[in-house]
>>> print(open('start-v6.cif').read())   # mmCIF, C-alpha atoms and all ligand atoms
data_entry
loop_
_atom_site.label_atom_id
_atom_site.label_comp_id
_atom_site.auth_asym_id
_atom_site.auth_seq_id
_atom_site.Cartn_x
_atom_site.Cartn_y
_atom_site.Cartn_z
CA MET A 1 0.00 0.00 0.00
CA LYS A 2 1.17 3.49 -0.81
CA LYS A 3 -1.48 5.62 0.83
CA ILE A 4 -4.01 5.12 3.60
CA ALA A 5 -6.34 7.38 5.60
CA VAL A 6 -7.49 7.60 9.20
CA PHE A 7 -10.68 9.02 10.69
CA THR A 8 -12.68 9.11 13.90
CA SER A 9 -16.42 8.55 13.97
CA GLY A 10 -19.33 8.44 16.44
CA GLY A 11 -18.92 9.76 19.99
CA ASP A 12 -15.47 11.14 20.69
CA ALA A 13 -13.42 9.44 23.40
CA PRO A 14 -10.29 10.47 25.30
CA GLY A 15 -7.35 8.66 23.76
CA MET A 16 -8.58 8.96 20.18
CA ASN A 17 -5.79 11.49 19.55
CA ALA A 18 -3.23 8.99 20.80
CA ALA A 19 -4.65 6.46 18.33
CA ILE A 20 -4.52 8.98 15.45
CA ARG A 21 -0.92 9.88 16.34
CA SER A 22 0.02 6.24 16.49
CA ALA A 23 -1.66 5.41 13.17
CA VAL A 24 0.03 8.33 11.41
CA ARG A 25 3.49 7.63 12.76
CA THR A 26 3.24 3.87 12.20
CA ALA A 27 2.24 4.42 8.57
CA LEU A 28 5.12 6.85 8.01
CA TYR A 29 7.53 4.44 9.73
CA HIS A 30 6.51 1.81 7.18
CA GLY A 31 6.92 4.23 4.28
CA VAL A 32 3.17 4.58 3.67
CA GLU A 33 1.59 8.00 3.08
CA ILE A 34 -1.35 8.82 5.33
CA CYS A 35 -4.08 11.42 5.24
CA GLY A 36 -6.77 12.39 7.72
CA ILE A 37 -10.48 12.50 7.00
CA MET A 38 -12.14 15.36 8.87
CA GLY A 39 -15.48 14.68 10.57
CA GLY A 40 -15.77 10.91 10.13
CA TYR A 41 -17.83 9.36 7.35
CA GLN A 42 -19.37 12.74 6.51
CA GLY A 43 -15.89 14.08 5.76
CA LEU A 44 -15.31 11.15 3.43
CA ILE A 45 -18.55 11.93 1.58
CA ASP A 46 -17.69 15.64 1.37
CA GLY A 47 -14.05 15.07 0.40
CA ASN A 48 -12.83 16.82 3.54
CA ILE A 49 -9.46 15.10 3.44
CA ILE A 50 -6.09 16.48 4.60
CA GLU A 51 -2.53 15.31 4.11
CA MET A 52 -0.81 14.37 7.35
CA ASN A 53 2.81 14.12 8.39
CA SER A 54 4.63 13.48 11.63
CA GLN A 55 4.25 17.13 12.66
CA SER A 56 0.46 17.03 12.16
CA VAL A 57 0.18 14.78 15.20
CA ALA A 58 2.75 16.52 17.40
CA ASN A 59 1.58 17.60 20.86
CA ILE A 60 -1.78 15.81 20.71
CA ILE A 61 -1.23 12.66 22.83
CA GLN A 62 -2.36 14.53 25.95
CA ARG A 63 -5.45 16.12 24.38
CA GLY A 64 -9.04 14.96 24.78
CA GLY A 65 -11.51 14.92 21.88
CA THR A 66 -10.27 14.22 18.37
CA ILE A 67 -8.22 16.56 16.17
CA LEU A 68 -9.90 14.96 13.15
CA LYS A 69 -13.37 15.86 14.50
CA THR A 70 -16.22 13.37 14.40
CA SER A 71 -19.85 13.00 13.44
CA ARG A 72 -22.75 10.57 13.29
CA SER A 73 -23.38 10.77 9.55
CA GLU A 74 -26.95 10.14 8.43
CA GLU A 75 -25.88 10.40 4.78
CA PHE A 76 -23.43 7.50 5.12
CA ARG A 77 -26.39 5.30 6.09
CA THR A 78 -27.66 5.73 2.52
CA THR A 79 -26.30 3.93 -0.56
CA GLU A 80 -25.90 7.30 -2.32
CA GLY A 81 -23.78 8.60 0.57
CA ARG A 82 -21.55 5.54 0.53
CA VAL A 83 -21.13 5.77 -3.27
CA LYS A 84 -19.92 9.40 -2.87
CA ALA A 85 -17.52 8.25 -0.13
CA ALA A 86 -16.14 5.44 -2.32
CA VAL A 87 -15.62 7.87 -5.21
CA ASN A 88 -13.52 10.09 -2.92
CA VAL A 89 -11.47 7.13 -1.68
CA LYS A 90 -10.48 6.40 -5.28
CA LYS A 91 -10.06 10.09 -6.20
CA TYR A 92 -7.54 10.65 -3.40
CA GLY A 93 -5.67 7.42 -4.17
CA ILE A 94 -6.47 5.97 -0.75
CA GLU A 95 -5.94 2.21 -0.58
CA GLY A 96 -7.06 1.53 2.96
CA LEU A 97 -8.91 3.17 5.84
CA VAL A 98 -8.40 3.12 9.61
CA ALA A 99 -11.73 3.76 11.34
CA ILE A 100 -11.58 4.71 15.02
CA GLY A 101 -14.96 4.46 16.76
CA GLY A 102 -17.64 2.24 18.24
CA ASP A 103 -20.40 -0.04 17.02
CA GLY A 104 -22.03 2.55 14.72
CA THR A 105 -18.67 3.16 13.07
CA PHE A 106 -18.06 -0.54 12.51
CA THR A 107 -21.61 -1.13 11.27
CA GLY A 108 -20.89 1.46 8.57
CA ALA A 109 -17.42 0.03 7.94
CA GLU A 110 -18.72 -3.49 7.40
CA ILE A 111 -21.33 -2.37 4.89
CA PHE A 112 -18.75 -0.18 3.12
CA CYS A 113 -16.22 -3.05 2.89
CA ASN A 114 -18.81 -5.46 1.57
CA GLU A 115 -20.30 -3.04 -0.95
CA THR A 116 -17.10 -1.53 -2.34
CA GLY A 117 -14.29 -3.94 -1.52
CA ILE A 118 -12.40 -1.01 0.05
CA THR A 119 -10.02 -2.16 2.78
CA VAL A 120 -10.96 -1.00 6.30
CA MET A 121 -9.48 -1.80 9.71
CA GLY A 122 -11.16 -0.70 12.94
CA VAL A 123 -9.79 0.63 16.22
CA PRO A 124 -12.21 0.39 19.17
CA GLY A 125 -12.74 3.90 20.50
CA THR A 126 -15.76 4.58 22.71
CA ILE A 127 -16.16 5.40 26.38
CA ASP A 128 -18.85 2.68 26.60
CA ASN A 129 -16.42 -0.30 26.44
CA ASP A 130 -19.24 -2.30 24.85
CA LEU A 131 -17.56 -3.93 21.85
CA PHE A 132 -17.30 -7.67 21.57
CA GLY A 133 -13.78 -8.89 20.67
CA THR A 134 -11.89 -6.56 22.95
CA ASP A 135 -11.54 -6.29 26.71
CA TYR A 136 -11.06 -2.60 26.30
CA THR A 137 -12.18 0.35 24.18
CA ILE A 138 -10.20 3.59 24.13
CA GLY A 139 -11.71 6.25 26.39
CA PHE A 140 -13.30 4.01 29.01
CA ASP A 141 -10.67 4.48 31.71
CA THR A 142 -10.69 8.27 31.47
CA ALA A 143 -14.50 8.38 31.44
CA VAL A 144 -14.72 6.16 34.53
CA ASN A 145 -12.17 8.31 36.36
CA THR A 146 -14.02 11.49 35.41
CA ALA A 147 -17.26 10.03 36.78
CA ILE A 148 -15.55 8.88 39.97
CA ASP A 149 -14.07 12.30 40.47
CA ALA A 150 -17.57 13.77 40.16
CA ILE A 151 -18.96 11.23 42.63
CA ASP A 152 -16.24 12.03 45.16
CA LYS A 153 -17.43 15.64 45.02
CA ILE A 154 -21.08 14.65 45.24
CA ARG A 155 -20.21 12.60 48.35
CA ASP A 156 -19.06 15.76 50.14
CA THR A 157 -22.39 17.47 49.67
CA ALA A 158 -24.37 14.23 50.21
CA ASP A 159 -22.56 13.74 53.51
CA SER A 160 -23.04 17.34 54.63
CA HIS A 161 -26.80 17.26 53.98
CA ASN A 162 -27.41 13.59 54.84
CA ARG A 163 -28.84 13.14 51.36
CA THR A 164 -29.33 10.36 48.88
CA PHE A 165 -28.00 10.98 45.38
CA PHE A 166 -28.85 9.11 42.21
CA VAL A 167 -25.97 9.63 39.78
CA GLU A 168 -26.59 8.75 36.14
CA VAL A 169 -23.63 7.74 34.01
CA MET A 170 -23.31 7.17 30.26
CA GLY A 171 -22.91 3.85 28.49
CA ARG A 172 -25.83 3.88 26.07
CA HIS A 173 -27.30 0.33 26.32
CA ALA A 174 -24.37 -1.06 28.31
CA GLY A 175 -23.51 -1.07 32.01
CA PHE A 176 -19.71 -1.20 31.92
CA ILE A 177 -19.20 2.40 33.03
CA ALA A 178 -21.87 2.11 35.73
CA MET A 179 -20.37 -1.08 37.16
CA ASP A 180 -16.84 0.29 37.54
CA VAL A 181 -18.00 3.71 38.68
CA GLY A 182 -20.35 2.12 41.21
CA ILE A 183 -17.68 -0.08 42.74
CA CYS A 184 -14.93 2.54 42.72
CA GLY A 185 -17.27 5.30 43.86
CA GLY A 186 -18.47 3.21 46.82
CA ALA A 187 -22.11 3.23 45.67
CA GLU A 188 -24.80 1.61 47.81
CA ALA A 189 -26.53 0.32 44.67
CA ILE A 190 -25.67 0.00 40.98
CA LEU A 191 -28.49 -0.15 38.45
CA LEU A 192 -27.54 -1.71 35.13
CA PRO A 193 -29.35 -2.52 31.87
CA ASP A 194 -28.09 -6.10 32.21
CA ILE A 195 -30.19 -6.87 35.30
CA PRO A 196 -33.86 -5.88 35.56
CA THR A 197 -34.17 -3.20 38.24
CA ASP A 198 -36.27 -4.46 41.13
CA MET A 199 -38.17 -1.45 42.47
CA ASP A 200 -39.38 -3.43 45.51
CA GLU A 201 -35.80 -4.17 46.45
CA LEU A 202 -34.93 -0.50 46.16
CA VAL A 203 -37.90 0.35 48.37
CA ARG A 204 -36.73 -2.21 50.93
CA PHE A 205 -33.23 -0.81 50.75
CA PHE A 206 -34.34 2.74 51.44
CA THR A 207 -36.71 1.78 54.23
CA THR A 208 -34.62 -0.77 56.13
CA ASP A 209 -32.72 -0.20 59.34
CA LYS A 210 -29.47 -0.54 57.41
CA LYS A 211 -30.34 2.53 55.43
CA LYS A 212 -31.36 4.38 58.58
CA GLN A 213 -27.88 3.80 60.01
CA LYS A 214 -26.35 5.43 56.96
CA SER A 215 -26.41 9.18 56.87
CA PHE A 216 -26.18 9.40 53.07
CA SER A 217 -26.11 7.16 50.02
CA ILE A 218 -25.04 7.14 46.41
CA VAL A 219 -26.83 5.08 43.77
CA VAL A 220 -25.20 4.79 40.35
CA VAL A 221 -27.62 4.39 37.45
CA ALA A 222 -26.61 3.44 33.91
CA GLU A 223 -28.40 5.68 31.40
CA GLY A 224 -29.72 2.56 29.65
CA ASP A 225 -31.26 0.99 32.76
CA ASP A 226 -34.55 -0.81 32.06
CA ALA A 227 -36.40 1.14 34.78
CA GLY A 228 -35.45 4.42 33.12
CA GLY A 229 -32.81 7.03 33.82
CA ALA A 230 -32.06 8.41 37.27
CA PHE A 231 -34.85 11.02 37.17
CA THR A 232 -37.48 8.42 36.25
CA ILE A 233 -36.37 6.00 38.95
CA VAL A 234 -36.45 8.69 41.63
CA GLU A 235 -39.95 9.72 40.52
CA LYS A 236 -41.08 6.08 40.76
CA LEU A 237 -39.58 5.80 44.26
CA LYS A 238 -41.36 8.95 45.37
CA VAL A 239 -44.65 7.31 44.51
CA LEU A 240 -43.74 4.16 46.43
CA ILE A 241 -42.20 5.92 49.46
CA PRO A 242 -44.06 9.20 50.01
CA GLU A 243 -41.39 10.71 52.29
CA PHE A 244 -38.58 9.74 49.90
CA ASP A 245 -36.17 12.53 49.13
CA ALA A 246 -33.20 12.31 46.76
CA ARG A 247 -31.19 14.48 44.43
CA VAL A 248 -30.34 13.47 40.88
CA SER A 249 -27.13 14.24 39.07
CA VAL A 250 -26.79 13.31 35.39
CA LEU A 251 -23.08 13.46 34.59
CA GLY A 252 -23.57 13.54 30.82
CA HIS A 253 -20.94 14.63 28.34
CA ILE A 254 -18.26 15.62 30.85
CA GLN A 255 -17.54 11.87 30.79
CA ARG A 256 -16.42 12.16 27.17
CA GLY A 257 -13.97 15.02 27.63
CA GLY A 258 -10.69 15.72 29.33
CA LYS A 259 -7.10 14.67 29.23
CA PRO A 260 -6.77 10.95 28.44
CA SER A 261 -5.42 8.78 31.24
CA ALA A 262 -2.09 6.98 30.82
CA TYR A 263 -4.01 3.78 30.07
CA ASP A 264 -6.03 5.41 27.28
CA ARG A 265 -2.86 6.84 25.75
CA LEU A 266 -1.24 3.41 25.93
CA MET A 267 -4.23 1.61 24.42
CA GLY A 268 -4.63 4.30 21.75
CA SER A 269 -0.96 3.90 20.86
CA ARG A 270 -1.06 0.09 20.75
CA LEU A 271 -4.34 -0.30 18.92
CA GLY A 272 -3.78 2.55 16.44
CA SER A 273 -0.43 1.09 15.43
CA ALA A 274 -1.70 -2.50 15.20
CA ALA A 275 -4.56 -1.45 12.90
CA VAL A 276 -2.13 0.17 10.46
CA VAL A 277 0.23 -2.82 10.47
CA GLU A 278 -2.69 -5.18 9.70
CA LEU A 279 -4.06 -2.86 7.04
CA ILE A 280 -0.70 -2.69 5.27
CA GLU A 281 -0.62 -6.49 5.31
CA GLY A 282 -3.95 -6.53 3.53
CA VAL A 283 -6.25 -7.45 6.41
CA THR A 284 -9.71 -5.93 6.07
CA ASN A 285 -13.22 -5.87 7.55
CA LYS A 286 -11.81 -6.44 11.06
CA MET A 287 -11.30 -4.65 14.34
CA VAL A 288 -8.08 -4.88 16.35
CA GLY A 289 -8.78 -5.55 20.00
CA ILE A 290 -7.02 -6.43 23.18
CA VAL A 291 -7.87 -9.62 25.04
CA SER A 292 -5.85 -10.66 28.10
CA ASN A 293 -3.32 -8.03 27.06
CA GLU A 294 -2.80 -9.67 23.63
CA LEU A 295 -3.69 -7.95 20.39
CA ILE A 296 -6.35 -9.90 18.49
CA LEU A 297 -8.53 -9.44 15.42
CA THR A 298 -12.30 -9.79 15.30
CA SER A 299 -14.48 -9.35 12.23
CA PHE A 300 -16.64 -6.22 12.21
CA HIS A 301 -19.57 -8.59 11.89
CA GLU A 302 -18.83 -10.31 15.19
CA ALA A 303 -17.76 -7.14 16.97
CA ILE A 304 -21.13 -5.53 16.33
CA ASN A 305 -23.42 -8.55 16.44
CA GLN A 306 -22.12 -10.45 19.45
CA LYS A 307 -22.86 -9.09 22.88
CA LYS A 308 -20.06 -8.33 25.28
CA LYS A 309 -21.33 -9.09 28.74
CA VAL A 310 -20.79 -7.14 31.94
CA ASP A 311 -19.50 -9.34 34.74
CA VAL A 312 -22.64 -9.13 36.85
CA SER A 313 -21.05 -11.22 39.62
CA LEU A 314 -19.27 -7.98 40.58
CA LEU A 315 -22.62 -6.72 41.86
CA LYS A 316 -22.26 -9.15 44.77
CA LEU A 317 -18.95 -7.56 45.65
CA ALA A 318 -20.46 -4.09 45.38
CA LYS A 319 -23.34 -5.12 47.70
CA MET A 320 -21.02 -6.71 50.23
CA LEU A 321 -18.85 -3.60 50.39
CA ALA A 322 -21.67 -1.05 50.46
O1 LIG B 1 -21.27 6.10 22.74
C1 LIG B 1 -20.76 7.11 23.55
C2 LIG B 1 -21.87 7.91 24.18
O2 LIG B 1 -21.29 8.91 24.98
C3 LIG B 1 -22.89 7.10 24.97
O3 LIG B 1 -22.43 6.74 26.24
C4 LIG B 1 -24.06 8.04 24.97
O4 LIG B 1 -25.27 7.32 25.13
C5 LIG B 1 -23.98 8.66 23.61
O5 LIG B 1 -22.64 8.53 23.17
C6 LIG B 1 -24.39 10.12 23.55
O6 LIG B 1 -24.34 10.51 22.23
P1 LIG B 1 -24.39 12.01 21.73
O7 LIG B 1 -23.06 12.63 21.99
O8 LIG B 1 -24.70 11.91 20.29
O9 LIG B 1 -25.43 12.71 22.55
#
>>> encode(input="start-v6.cif", output="structure tokens", more="lines below")
Ligand code: F6P
Amino acid sequence: MKKIAVFTSGGDAPGMNAAIRSAVRTALYHGVEICGIMGGYQGLIDGNIIEMNSQSVANIIQRGGTILKTSRSEEFRTTEGRVKAAVNVKKYGIEGLVAIGGDGTFTGAEIFCNETGITVMGVPGTIDNDLFGTDYTIGFDTAVNTAIDAIDKIRDTADSHNRTFFVEVMGRHAGFIAMDVGICGGAEAILLPDIPTDMDELVRFFTTDKKKQKSFSIVVVAEGDDAGGAFTIVEKLKVLIPEFDARVSVLGHIQRGGKPSAYDRLMGSRLGSAAVVELIEGVTNKMVGIVSNELILTSFHEAINQKKKVDVSLLKLAKMLA
């Protein structure tokens, strides 16, 4: 291969810049030209493509977000959009693509590979950590630490006022962020999409003697919980326990920003480089992942269609320690 391109797509995640830097410098190391596509698939459709060199990725390893910008392109979901994208791939002499993103990105990549035969390798980058075929997705560690930092602060005010807080974290349909944040934030309860939320149990919890001995409590709620988000659950509890009083804090997009942790920089560097090496060797339609600290490949098809499961046995640990 003489020329490849890299882009980020879907929700940004801390560590994406480390992956871009790694992809660019690995390509150059192997004597392959590399360009950047601005704004994900939409940039590919619009021909928003820039040349990159070693200097283009200087001083970015420590930065959150993505220097290549990102989007959730509606147009790429259409055949017409993908045809325009494929025309630009040819026009710019690009022989392979490195796509950094999550399941939406790889859903698009799989269709694009199958329809056009264009070579694409994926790098898992999403704070949700919900991709099958990898123990880890870039951004998760930083997001969890950001949420824990917020919870530590919430604890101060919860303690001072003897209050209960329901803290909602991101994760879309998955509970990986909630599980780790709940355990590391010392939550009394963790509500995940993976386990149906038992409102009666919550009522028992908030009306038992155990609760009465505690001056304050933190409940971590995954945004995708089956009983609803934190606001909905608190409203339901107010109906069931008339005197119930709690505050809700939805952490939202702060979880996506900020300086990437050392782990996210390391994973970005390893996975970004591995994707380029595989791409140069002609591998396509696959995501590079990390399983038991070993780099492995998983087809886009499996990565998006198989379900990665949260280790729900950790809830027992969380309960015991709460
Ligand atoms: O996939 C990453 C993520 O942050 C999810 O946790 C969240 O549900 C979603 O993206 C939010 O998307 P948007 O930034 O489009 O609001």
>>> residues_near_ligand(input="start-v6.cif", ligand="ligand LIG 1 (chain B)", cutoff="9 Å", atoms="all atoms listed in the file", output="PyMOL selection string")
chain A and resi 10-13+71-72+101-104+126-130+169-174+177+223-224+252-253+255-256
>>> closest_residue(input="start-v6.cif", among="A:Cys35, A:Leu97, A:Leu237, A:Leu131", to="Ala275 in chain A", atoms="all atoms listed in the file")
A:Leu97
>>> closest_residue(input="start-v6.cif", among="A:Leu321, A:Ala246, A:Val288, A:Ile111", to="Val276 in chain A", atoms="only C-alpha atoms")
A:Val288
>>> closest_residue(input="start-v6.cif", among="A:Met16, A:Val248, A:Val89, A:Met1", to="Gln62 in chain A", atoms="all atoms listed in the file")
A:Met16
>>> atom_distance(input="start-v6.cif", atom1="CA of Thr208 in chain A", atom2="CA of Arg155 in chain A")
21.1 Å
>>> residues_around(input="start-v6.cif", residues="range 184-196 of chain A", least_positions_apart="5", cutoff="8 Å", atoms="all atoms listed in the file", output="PDB file with C-alpha atoms, keeping the file's coordinate frame")
ATOM      1  CA  ILE A 148     -15.550   8.880  39.970  1.00  0.00           C
ATOM      2  CA  ILE A 151     -18.960  11.230  42.630  1.00  0.00           C
ATOM      3  CA  ASP A 152     -16.240  12.030  45.160  1.00  0.00           C
ATOM      4  CA  HIS A 173     -27.300   0.330  26.320  1.00  0.00           C
ATOM      5  CA  ALA A 174     -24.370  -1.060  28.310  1.00  0.00           C
ATOM      6  CA  GLY A 175     -23.510  -1.070  32.010  1.00  0.00           C
ATOM      7  CA  ALA A 178     -21.870   2.110  35.730  1.00  0.00           C
ATOM      8  CA  MET A 179     -20.370  -1.080  37.160  1.00  0.00           C
ATOM      9  CA  SER A 217     -26.110   7.160  50.020  1.00  0.00           C
ATOM     10  CA  ILE A 218     -25.040   7.140  46.410  1.00  0.00           C
ATOM     11  CA  VAL A 219     -26.830   5.080  43.770  1.00  0.00           C
ATOM     12  CA  VAL A 220     -25.200   4.790  40.350  1.00  0.00           C
ATOM     13  CA  VAL A 221     -27.620   4.390  37.450  1.00  0.00           C
ATOM     14  CA  ALA A 222     -26.610   3.440  33.910  1.00  0.00           C
ATOM     15  CA  GLY A 224     -29.720   2.560  29.650  1.00  0.00           C
ATOM     16  CA  ASP A 225     -31.260   0.990  32.760  1.00  0.00           C
ATOM     17  CA  ASP A 226     -34.550  -0.810  32.060  1.00  0.00           C
ATOM     18  CA  ALA A 227     -36.400   1.140  34.780  1.00  0.00           C
ATOM     19  CA  VAL A 310     -20.790  -7.140  31.940  1.00  0.00           C
ATOM     20  CA  VAL A 312     -22.640  -9.130  36.850  1.00  0.00           C
ATOM     21  CA  LEU A 315     -22.620  -6.720  41.860  1.00  0.00           C
ATOM     22  CA  ALA A 318     -20.460  -4.090  45.380  1.00  0.00           C
ATOM     23  CA  LYS A 319     -23.340  -5.120  47.700  1.00  0.00           C
ATOM     24  CA  LEU A 321     -18.850  -3.600  50.390  1.00  0.00           C
ATOM     25  CA  ALA A 322     -21.670  -1.050  50.460  1.00  0.00           C
TER      26      ALA A 322
END
>>> closest_residue(input="start-v6.cif", among="A:Phe206, A:Phe7, A:Phe76, A:Phe244", to="Phe112 in chain A", atoms="all atoms listed in the file")
A:Phe76
>>> atom_distance(input="start-v6.cif", atom1="CA of Ile138 in chain A", atom2="CA of Asn88 in chain A")
28.0 Å
>>> closest_residue(input="start-v6.cif", among="A:Ala85, A:Gly15, A:Ile61, A:Lys2", to="Asn48 in chain A", atoms="all atoms listed in the file")
A:Ala85
>>> closest_residue(input="start-v6.cif", among="A:Met38, A:Ala23, A:Ile60, A:His161", to="Asp245 in chain A", atoms="all atoms listed in the file")
A:His161
>>> atom_distance(input="start-v6.cif", atom1="CA of Pro124 in chain A", atom2="CA of Ile290 in chain A")
9.5 Å
>>> residues_around(input="start-v6.cif", residues="Thr70 in chain A", least_positions_apart="6", cutoff="6 Å", atoms="all atoms listed in the file", output="list in words")
Thr8, Ser9, Gly39 and Gly40 of chain A
